[in-house]
Amino acid sequence: EVIHERCAGIDISKVDVKVCIRVPSGKRRRSEVRTFSAVTSGLLAMRDWLVAEGITVVGMEATGVYWKPVFYLLEHDMECWLLNARHMKSV
């Protein structure tokens, strides 16, 4: 079983992007959720936050075409997984 120390899940809609990260914090794990605008400045702020937190893998739902800008922006900085909605909940 593979466990990623620093990971994120992204829910993408036309208007915004909701991001949940899970990172180590002492002996426990810390979760944090933030919402970013789906425009360029919001997506750049999201990428900067993920890089600053040391996120290495991101899972996102591959519905519609809204995932494309997020995927293309993050693919050079971290591993990106496109998942269907049912699989995303279990990951």
# chains A, B, ... in the order shown; residues from 1 in each chain; ligands from 1

$ select_by_dssp --residues "chain A" --states "strand (DSSP E or B)" --output "ChimeraX atom specification"
/A:7-12,16-25,28-37,57-61,79-83

$ write_last_selection --atoms "N, CA and C atoms" --output "JSON list (two decimals), in the first residue's frame"
[["chain", "number", "residue", "atom", "x", "y", "z"],
["A", 7, "CYS", "N", -0.22, 15.31, 0.11],
["A", 7, "CYS", "CA", -1.11, 15.12, -1.03],
["A", 7, "CYS", "C", -2.27, 16.12, -0.97],
["A", 8, "ALA", "N", -2.97, 16.24, -2.10],
["A", 8, "ALA", "CA", -4.10, 17.15, -2.17],
["A", 8, "ALA", "C", -5.19, 16.55, -3.04],
["A", 9, "GLY", "N", -6.43, 16.93, -2.76],
["A", 9, "GLY", "CA", -7.58, 16.59, -3.58],
["A", 9, "GLY", "C", -8.22, 17.88, -4.04],
["A", 10, "ILE", "N", -8.60, 17.93, -5.31],
["A", 10, "ILE", "CA", -9.14, 19.16, -5.88],
["A", 10, "ILE", "C", -10.51, 18.90, -6.48],
["A", 11, "ASP", "N", -11.48, 19.74, -6.12],
["A", 11, "ASP", "CA", -12.82, 19.71, -6.70],
["A", 11, "ASP", "C", -12.94, 20.96, -7.57],
["A", 12, "ILE", "N", -13.11, 20.76, -8.87],
["A", 12, "ILE", "CA", -13.07, 21.85, -9.83],
["A", 12, "ILE", "C", -14.47, 22.13, -10.35],
["A", 16, "ASP", "N", -15.11, 28.11, -9.18],
["A", 16, "ASP", "CA", -14.02, 28.05, -8.21],
["A", 16, "ASP", "C", -13.38, 26.67, -8.14],
["A", 17, "VAL", "N", -12.31, 26.61, -7.38],
["A", 17, "VAL", "CA", -11.57, 25.37, -7.18],
["A", 17, "VAL", "C", -11.41, 25.18, -5.67],
["A", 18, "LYS", "N", -11.90, 24.06, -5.15],
["A", 18, "LYS", "CA", -11.75, 23.76, -3.73],
["A", 18, "LYS", "C", -10.62, 22.75, -3.58],
["A", 19, "VAL", "N", -9.68, 23.04, -2.69],
["A", 19, "VAL", "CA", -8.49, 22.21, -2.54],
["A", 19, "VAL", "C", -8.36, 21.78, -1.08],
["A", 20, "CYS", "N", -8.20, 20.49, -0.86],
["A", 20, "CYS", "CA", -7.95, 19.95, 0.48],
["A", 20, "CYS", "C", -6.56, 19.33, 0.47],
["A", 21, "ILE", "N", -5.72, 19.75, 1.42],
["A", 21, "ILE", "CA", -4.39, 19.15, 1.52],
["A", 21, "ILE", "C", -4.30, 18.32, 2.80],
["A", 22, "ARG", "N", -3.43, 17.31, 2.78],
["A", 22, "ARG", "CA", -3.11, 16.50, 3.96],
["A", 22, "ARG", "C", -1.60, 16.44, 4.04],
["A", 23, "VAL", "N", -1.07, 16.99, 5.14],
["A", 23, "VAL", "CA", 0.38, 17.03, 5.33],
["A", 23, "VAL", "C", 0.72, 16.62, 6.76],
["A", 24, "PRO", "N", 1.95, 16.13, 6.98],
["A", 24, "PRO", "CA", 2.36, 15.77, 8.33],
["A", 24, "PRO", "C", 2.45, 17.02, 9.21],
["A", 25, "SER", "N", 2.09, 16.85, 10.47],
["A", 25, "SER", "CA", 2.18, 17.93, 11.45],
["A", 25, "SER", "C", 2.52, 17.30, 12.79],
["A", 28, "ARG", "N", 0.91, 13.80, 14.02],
["A", 28, "ARG", "CA", -0.40, 13.68, 13.39],
["A", 28, "ARG", "C", -0.35, 14.21, 11.96],
["A", 29, "ARG", "N", -1.49, 14.22, 11.31],
["A", 29, "ARG", "CA", -1.60, 14.80, 9.96],
["A", 29, "ARG", "C", -2.54, 15.99, 10.03],
["A", 30, "ARG", "N", -2.22, 17.02, 9.28],
["A", 30, "ARG", "CA", -3.02, 18.23, 9.25],
["A", 30, "ARG", "C", -3.78, 18.29, 7.92],
["A", 31, "SER", "N", -5.07, 18.61, 7.99],
["A", 31, "SER", "CA", -5.89, 18.82, 6.80],
["A", 31, "SER", "C", -6.31, 20.27, 6.75],
["A", 32, "GLU", "N", -6.31, 20.82, 5.57],
["A", 32, "GLU", "CA", -6.74, 22.21, 5.39],
["A", 32, "GLU", "C", -7.45, 22.31, 4.05],
["A", 33, "VAL", "N", -8.56, 23.05, 4.03],
["A", 33, "VAL", "CA", -9.32, 23.26, 2.81],
["A", 33, "VAL", "C", -9.34, 24.74, 2.49],
["A", 34, "ARG", "N", -9.06, 25.06, 1.24],
["A", 34, "ARG", "CA", -9.12, 26.44, 0.76],
["A", 34, "ARG", "C", -9.87, 26.47, -0.56],
["A", 35, "THR", "N", -10.50, 27.62, -0.83],
["A", 35, "THR", "CA", -11.22, 27.82, -2.08],
["A", 35, "THR", "C", -10.53, 28.93, -2.87],
["A", 36, "PHE", "N", -10.31, 28.68, -4.15],
["A", 36, "PHE", "CA", -9.66, 29.64, -5.03],
["A", 36, "PHE", "C", -10.56, 29.93, -6.22],
["A", 37, "SER", "N", -10.44, 31.12, -6.76],
["A", 37, "SER", "CA", -11.17, 31.49, -7.95],
["A", 37, "SER", "C", -10.66, 30.67, -9.13],
["A", 57, "VAL", "N", 1.63, 15.03, -4.86],
["A", 57, "VAL", "CA", 0.63, 14.37, -5.71],
["A", 57, "VAL", "C", -0.74, 15.02, -5.48],
["A", 58, "VAL", "N", -1.47, 15.21, -6.60],
["A", 58, "VAL", "CA", -2.77, 15.86, -6.56],
["A", 58, "VAL", "C", -3.76, 14.97, -7.32],
["A", 59, "GLY", "N", -4.93, 14.73, -6.71],
["A", 59, "GLY", "CA", -6.01, 14.02, -7.38],
["A", 59, "GLY", "C", -7.12, 15.00, -7.69],
["A", 60, "MET", "N", -7.65, 14.93, -8.91],
["A", 60, "MET", "CA", -8.74, 15.83, -9.29],
["A", 60, "MET", "C", -9.75, 15.08, -10.14],
["A", 61, "GLU", "N", -10.98, 15.54, -10.08],
["A", 61, "GLU", "CA", -12.04, 14.93, -10.87],
["A", 61, "GLU", "C", -11.92, 15.36, -12.32],
["A", 79, "GLU", "N", 2.86, 15.47, -9.31],
["A", 79, "GLU", "CA", 2.17, 14.40, -10.03],
["A", 79, "GLU", "C", 0.66, 14.66, -9.97],
["A", 80, "CYS", "N", 0.02, 14.64, -11.13],
["A", 80, "CYS", "CA", -1.42, 14.92, -11.21],
["A", 80, "CYS", "C", -2.17, 13.67, -11.64],
["A", 81, "TRP", "N", -3.24, 13.35, -10.92],
["A", 81, "TRP", "CA", -4.09, 12.20, -11.24],
["A", 81, "TRP", "C", -5.47, 12.70, -11.62],
["A", 82, "LEU", "N", -5.97, 12.24, -12.75],
["A", 82, "LEU", "CA", -7.34, 12.51, -13.15],
["A", 82, "LEU", "C", -8.18, 11.31, -12.75],
["A", 83, "LEU", "N", -9.20, 11.55, -11.94],
["A", 83, "LEU", "CA", -10.00, 10.46, -11.38],
["A", 83, "LEU", "C", -11.48, 10.72, -11.62]]

$ select_by_dssp --residues "chain A" --states "alpha helix (DSSP H)" --output "tab-separated table (two decimals) with N, CA and C atoms, in the first residue's frame"
chain	number	residue	atom	x	y	z
A	40	THR	N	-7.22	32.98	-13.75
A	40	THR	CA	-5.78	32.76	-13.74
A	40	THR	C	-5.12	33.15	-12.43
A	41	SER	N	-5.45	34.30	-11.87
A	41	SER	CA	-4.81	34.73	-10.62
A	41	SER	C	-5.12	33.78	-9.47
A	42	GLY	N	-6.33	33.25	-9.42
A	42	GLY	CA	-6.69	32.29	-8.39
A	42	GLY	C	-5.97	30.97	-8.55
A	43	LEU	N	-5.85	30.50	-9.79
A	43	LEU	CA	-5.15	29.24	-10.05
A	43	LEU	C	-3.66	29.37	-9.75
A	44	LEU	N	-3.07	30.52	-10.04
A	44	LEU	CA	-1.66	30.74	-9.70
A	44	LEU	C	-1.45	30.77	-8.19
A	45	ALA	N	-2.38	31.39	-7.46
A	45	ALA	CA	-2.31	31.40	-6.00
A	45	ALA	C	-2.43	29.99	-5.44
A	46	MET	N	-3.31	29.18	-6.04
A	46	MET	CA	-3.47	27.79	-5.62
A	46	MET	C	-2.16	27.03	-5.83
A	47	ARG	N	-1.56	27.16	-7.00
A	47	ARG	CA	-0.30	26.47	-7.28
A	47	ARG	C	0.79	26.89	-6.30
A	48	ASP	N	0.90	28.19	-6.03
A	48	ASP	CA	1.91	28.69	-5.08
A	48	ASP	C	1.71	28.08	-3.70
A	49	TRP	N	0.45	27.96	-3.26
A	49	TRP	CA	0.16	27.38	-1.95
A	49	TRP	C	0.54	25.90	-1.91
A	50	LEU	N	0.18	25.16	-2.96
A	50	LEU	CA	0.51	23.74	-3.01
A	50	LEU	C	2.02	23.51	-3.02
A	51	VAL	N	2.75	24.30	-3.79
A	51	VAL	CA	4.20	24.18	-3.84
A	51	VAL	C	4.81	24.54	-2.48
A	52	ALA	N	4.31	25.60	-1.84
A	52	ALA	CA	4.81	26.01	-0.53
A	52	ALA	C	4.58	24.93	0.52
A	67	TRP	N	-11.13	20.78	-15.73
A	67	TRP	CA	-9.90	20.26	-15.13
A	67	TRP	C	-8.66	20.65	-15.92
A	68	LYS	N	-8.80	20.95	-17.20
A	68	LYS	CA	-7.64	21.15	-18.07
A	68	LYS	C	-6.71	22.28	-17.62
A	69	PRO	N	-7.18	23.49	-17.32
A	69	PRO	CA	-6.25	24.53	-16.89
A	69	PRO	C	-5.52	24.18	-15.59
A	70	VAL	N	-6.23	23.54	-14.68
A	70	VAL	CA	-5.62	23.15	-13.40
A	70	VAL	C	-4.55	22.09	-13.64
A	71	PHE	N	-4.86	21.08	-14.43
A	71	PHE	CA	-3.90	20.02	-14.73
A	71	PHE	C	-2.66	20.58	-15.41
A	72	TYR	N	-2.85	21.38	-16.44
A	72	TYR	CA	-1.71	21.92	-17.19
A	72	TYR	C	-0.85	22.85	-16.34
A	73	LEU	N	-1.46	23.55	-15.41
A	73	LEU	CA	-0.70	24.44	-14.53
A	73	LEU	C	0.13	23.67	-13.51
A	74	LEU	N	-0.40	22.54	-13.01
A	74	LEU	CA	0.27	21.80	-11.94
A	74	LEU	C	1.20	20.68	-12.42
A	85	ALA	N	-15.40	10.73	-10.25
A	85	ALA	CA	-15.93	11.18	-8.96
A	85	ALA	C	-16.05	10.05	-7.95
A	86	ARG	N	-16.47	8.89	-8.37
A	86	ARG	CA	-16.63	7.76	-7.45
A	86	ARG	C	-15.28	7.32	-6.88
A	87	HIS	N	-14.27	7.28	-7.74
A	87	HIS	CA	-12.93	6.85	-7.30
A	87	HIS	C	-12.28	7.92	-6.42
A	88	MET	N	-12.56	9.19	-6.68
A	88	MET	CA	-11.95	10.29	-5.93
A	88	MET	C	-12.27	10.19	-4.44
A	89	LYS	N	-13.49	9.82	-4.08
A	89	LYS	CA	-13.86	9.71	-2.68
A	89	LYS	C	-13.05	8.66	-1.95
A	90	SER	N	-12.73	7.56	-2.61
A	90	SER	CA	-11.97	6.51	-1.95
A	90	SER	C	-10.48	6.81	-1.90

$ decode --residues "segment 1-20 of chain A" --atoms "N, CA, C and O atoms" --output "PDB file, in the first residue's frame"
ATOM      1  N   GLU A   1       0.844  -1.181   0.000  1.00  0.00           N
ATOM      2  CA  GLU A   1       0.000   0.000   0.000  1.00  0.00           C
ATOM      3  C   GLU A   1       0.889   1.243   0.000  1.00  0.00           C
ATOM      4  O   GLU A   1       1.785   1.374   0.822  1.00  0.00           O
ATOM      5  N   VAL A   2       0.625   2.153  -0.911  1.00  0.00           N
ATOM      6  CA  VAL A   2       1.392   3.388  -1.036  1.00  0.00           C
ATOM      7  C   VAL A   2       0.703   4.498  -0.260  1.00  0.00           C
ATOM      8  O   VAL A   2      -0.499   4.697  -0.385  1.00  0.00           O
ATOM      9  N   ILE A   3       1.469   5.187   0.557  1.00  0.00           N
ATOM     10  CA  ILE A   3       0.948   6.333   1.296  1.00  0.00           C
ATOM     11  C   ILE A   3       1.775   7.557   0.908  1.00  0.00           C
ATOM     12  O   ILE A   3       2.996   7.541   1.018  1.00  0.00           O
ATOM     13  N   HIS A   4       1.098   8.591   0.443  1.00  0.00           N
ATOM     14  CA  HIS A   4       1.774   9.823   0.065  1.00  0.00           C
ATOM     15  C   HIS A   4       1.751  10.766   1.259  1.00  0.00           C
ATOM     16  O   HIS A   4       0.684  11.071   1.795  1.00  0.00           O
ATOM     17  N   GLU A   5       2.923  11.233   1.661  1.00  0.00           N
ATOM     18  CA  GLU A   5       3.048  12.106   2.830  1.00  0.00           C
ATOM     19  C   GLU A   5       2.329  13.435   2.636  1.00  0.00           C
ATOM     20  O   GLU A   5       1.685  13.934   3.536  1.00  0.00           O
ATOM     21  N   ARG A   6       2.503  14.025   1.464  1.00  0.00           N
ATOM     22  CA  ARG A   6       1.954  15.357   1.190  1.00  0.00           C
ATOM     23  C   ARG A   6       1.113  15.279  -0.073  1.00  0.00           C
ATOM     24  O   ARG A   6       1.635  15.174  -1.163  1.00  0.00           O
ATOM     25  N   CYS A   7      -0.216  15.312   0.108  1.00  0.00           N
ATOM     26  CA  CYS A   7      -1.115  15.124  -1.033  1.00  0.00           C
ATOM     27  C   CYS A   7      -2.268  16.119  -0.967  1.00  0.00           C
ATOM     28  O   CYS A   7      -2.502  16.752   0.058  1.00  0.00           O
ATOM     29  N   ALA A   8      -2.967  16.236  -2.097  1.00  0.00           N
ATOM     30  CA  ALA A   8      -4.102  17.149  -2.173  1.00  0.00           C
ATOM     31  C   ALA A   8      -5.191  16.549  -3.043  1.00  0.00           C
ATOM     32  O   ALA A   8      -4.916  15.766  -3.956  1.00  0.00           O
ATOM     33  N   GLY A   9      -6.425  16.927  -2.757  1.00  0.00           N
ATOM     34  CA  GLY A   9      -7.579  16.586  -3.583  1.00  0.00           C
ATOM     35  C   GLY A   9      -8.218  17.876  -4.045  1.00  0.00           C
ATOM     36  O   GLY A   9      -8.335  18.832  -3.271  1.00  0.00           O
ATOM     37  N   ILE A  10      -8.596  17.927  -5.314  1.00  0.00           N
ATOM     38  CA  ILE A  10      -9.137  19.160  -5.883  1.00  0.00           C
ATOM     39  C   ILE A  10     -10.513  18.896  -6.481  1.00  0.00           C
ATOM     40  O   ILE A  10     -10.692  17.954  -7.258  1.00  0.00           O
ATOM     41  N   ASP A  11     -11.481  19.740  -6.121  1.00  0.00           N
ATOM     42  CA  ASP A  11     -12.820  19.713  -6.697  1.00  0.00           C
ATOM     43  C   ASP A  11     -12.938  20.958  -7.567  1.00  0.00           C
ATOM     44  O   ASP A  11     -12.858  22.082  -7.065  1.00  0.00           O
ATOM     45  N   ILE A  12     -13.111  20.760  -8.867  1.00  0.00           N
ATOM     46  CA  ILE A  12     -13.069  21.855  -9.826  1.00  0.00           C
ATOM     47  C   ILE A  12     -14.471  22.135 -10.349  1.00  0.00           C
ATOM     48  O   ILE A  12     -15.173  21.228 -10.786  1.00  0.00           O
ATOM     49  N   SER A  13     -14.859  23.396 -10.305  1.00  0.00           N
ATOM     50  CA  SER A  13     -16.128  23.814 -10.910  1.00  0.00           C
ATOM     51  C   SER A  13     -15.846  24.995 -11.834  1.00  0.00           C
ATOM     52  O   SER A  13     -14.720  25.474 -11.921  1.00  0.00           O
ATOM     53  N   LYS A  14     -16.878  25.471 -12.496  1.00  0.00           N
ATOM     54  CA  LYS A  14     -16.718  26.581 -13.433  1.00  0.00           C
ATOM     55  C   LYS A  14     -16.297  27.862 -12.715  1.00  0.00           C
ATOM     56  O   LYS A  14     -15.537  28.655 -13.258  1.00  0.00           O
ATOM     57  N   VAL A  15     -16.761  28.061 -11.495  1.00  0.00           N
ATOM     58  CA  VAL A  15     -16.543  29.304 -10.771  1.00  0.00           C
ATOM     59  C   VAL A  15     -15.328  29.264  -9.847  1.00  0.00           C
ATOM     60  O   VAL A  15     -14.612  30.252  -9.719  1.00  0.00           O
ATOM     61  N   ASP A  16     -15.105  28.115  -9.182  1.00  0.00           N
ATOM     62  CA  ASP A  16     -14.016  28.053  -8.210  1.00  0.00           C
ATOM     63  C   ASP A  16     -13.378  26.671  -8.144  1.00  0.00           C
ATOM     64  O   ASP A  16     -13.834  25.735  -8.789  1.00  0.00           O
ATOM     65  N   VAL A  17     -12.310  26.608  -7.377  1.00  0.00           N
ATOM     66  CA  VAL A  17     -11.566  25.371  -7.177  1.00  0.00           C
ATOM     67  C   VAL A  17     -11.413  25.182  -5.672  1.00  0.00           C
ATOM     68  O   VAL A  17     -10.893  26.060  -4.987  1.00  0.00           O
ATOM     69  N   LYS A  18     -11.896  24.060  -5.154  1.00  0.00           N
ATOM     70  CA  LYS A  18     -11.753  23.757  -3.734  1.00  0.00           C
ATOM     71  C   LYS A  18     -10.624  22.745  -3.581  1.00  0.00           C
ATOM     72  O   LYS A  18     -10.612  21.721  -4.260  1.00  0.00           O
ATOM     73  N   VAL A  19      -9.676  23.040  -2.688  1.00  0.00           N
ATOM     74  CA  VAL A  19      -8.489  22.207  -2.540  1.00  0.00           C
ATOM     75  C   VAL A  19      -8.363  21.785  -1.081  1.00  0.00           C
ATOM     76  O   VAL A  19      -8.417  22.621  -0.171  1.00  0.00           O
ATOM     77  N   CYS A  20      -8.197  20.489  -0.858  1.00  0.00           N
ATOM     78  CA  CYS A  20      -7.949  19.947   0.478  1.00  0.00           C
ATOM     79  C   CYS A  20      -6.561  19.326   0.466  1.00  0.00           C
ATOM     80  O   CYS A  20      -6.251  18.504  -0.392  1.00  0.00           O
TER      81      CYS A  20
END
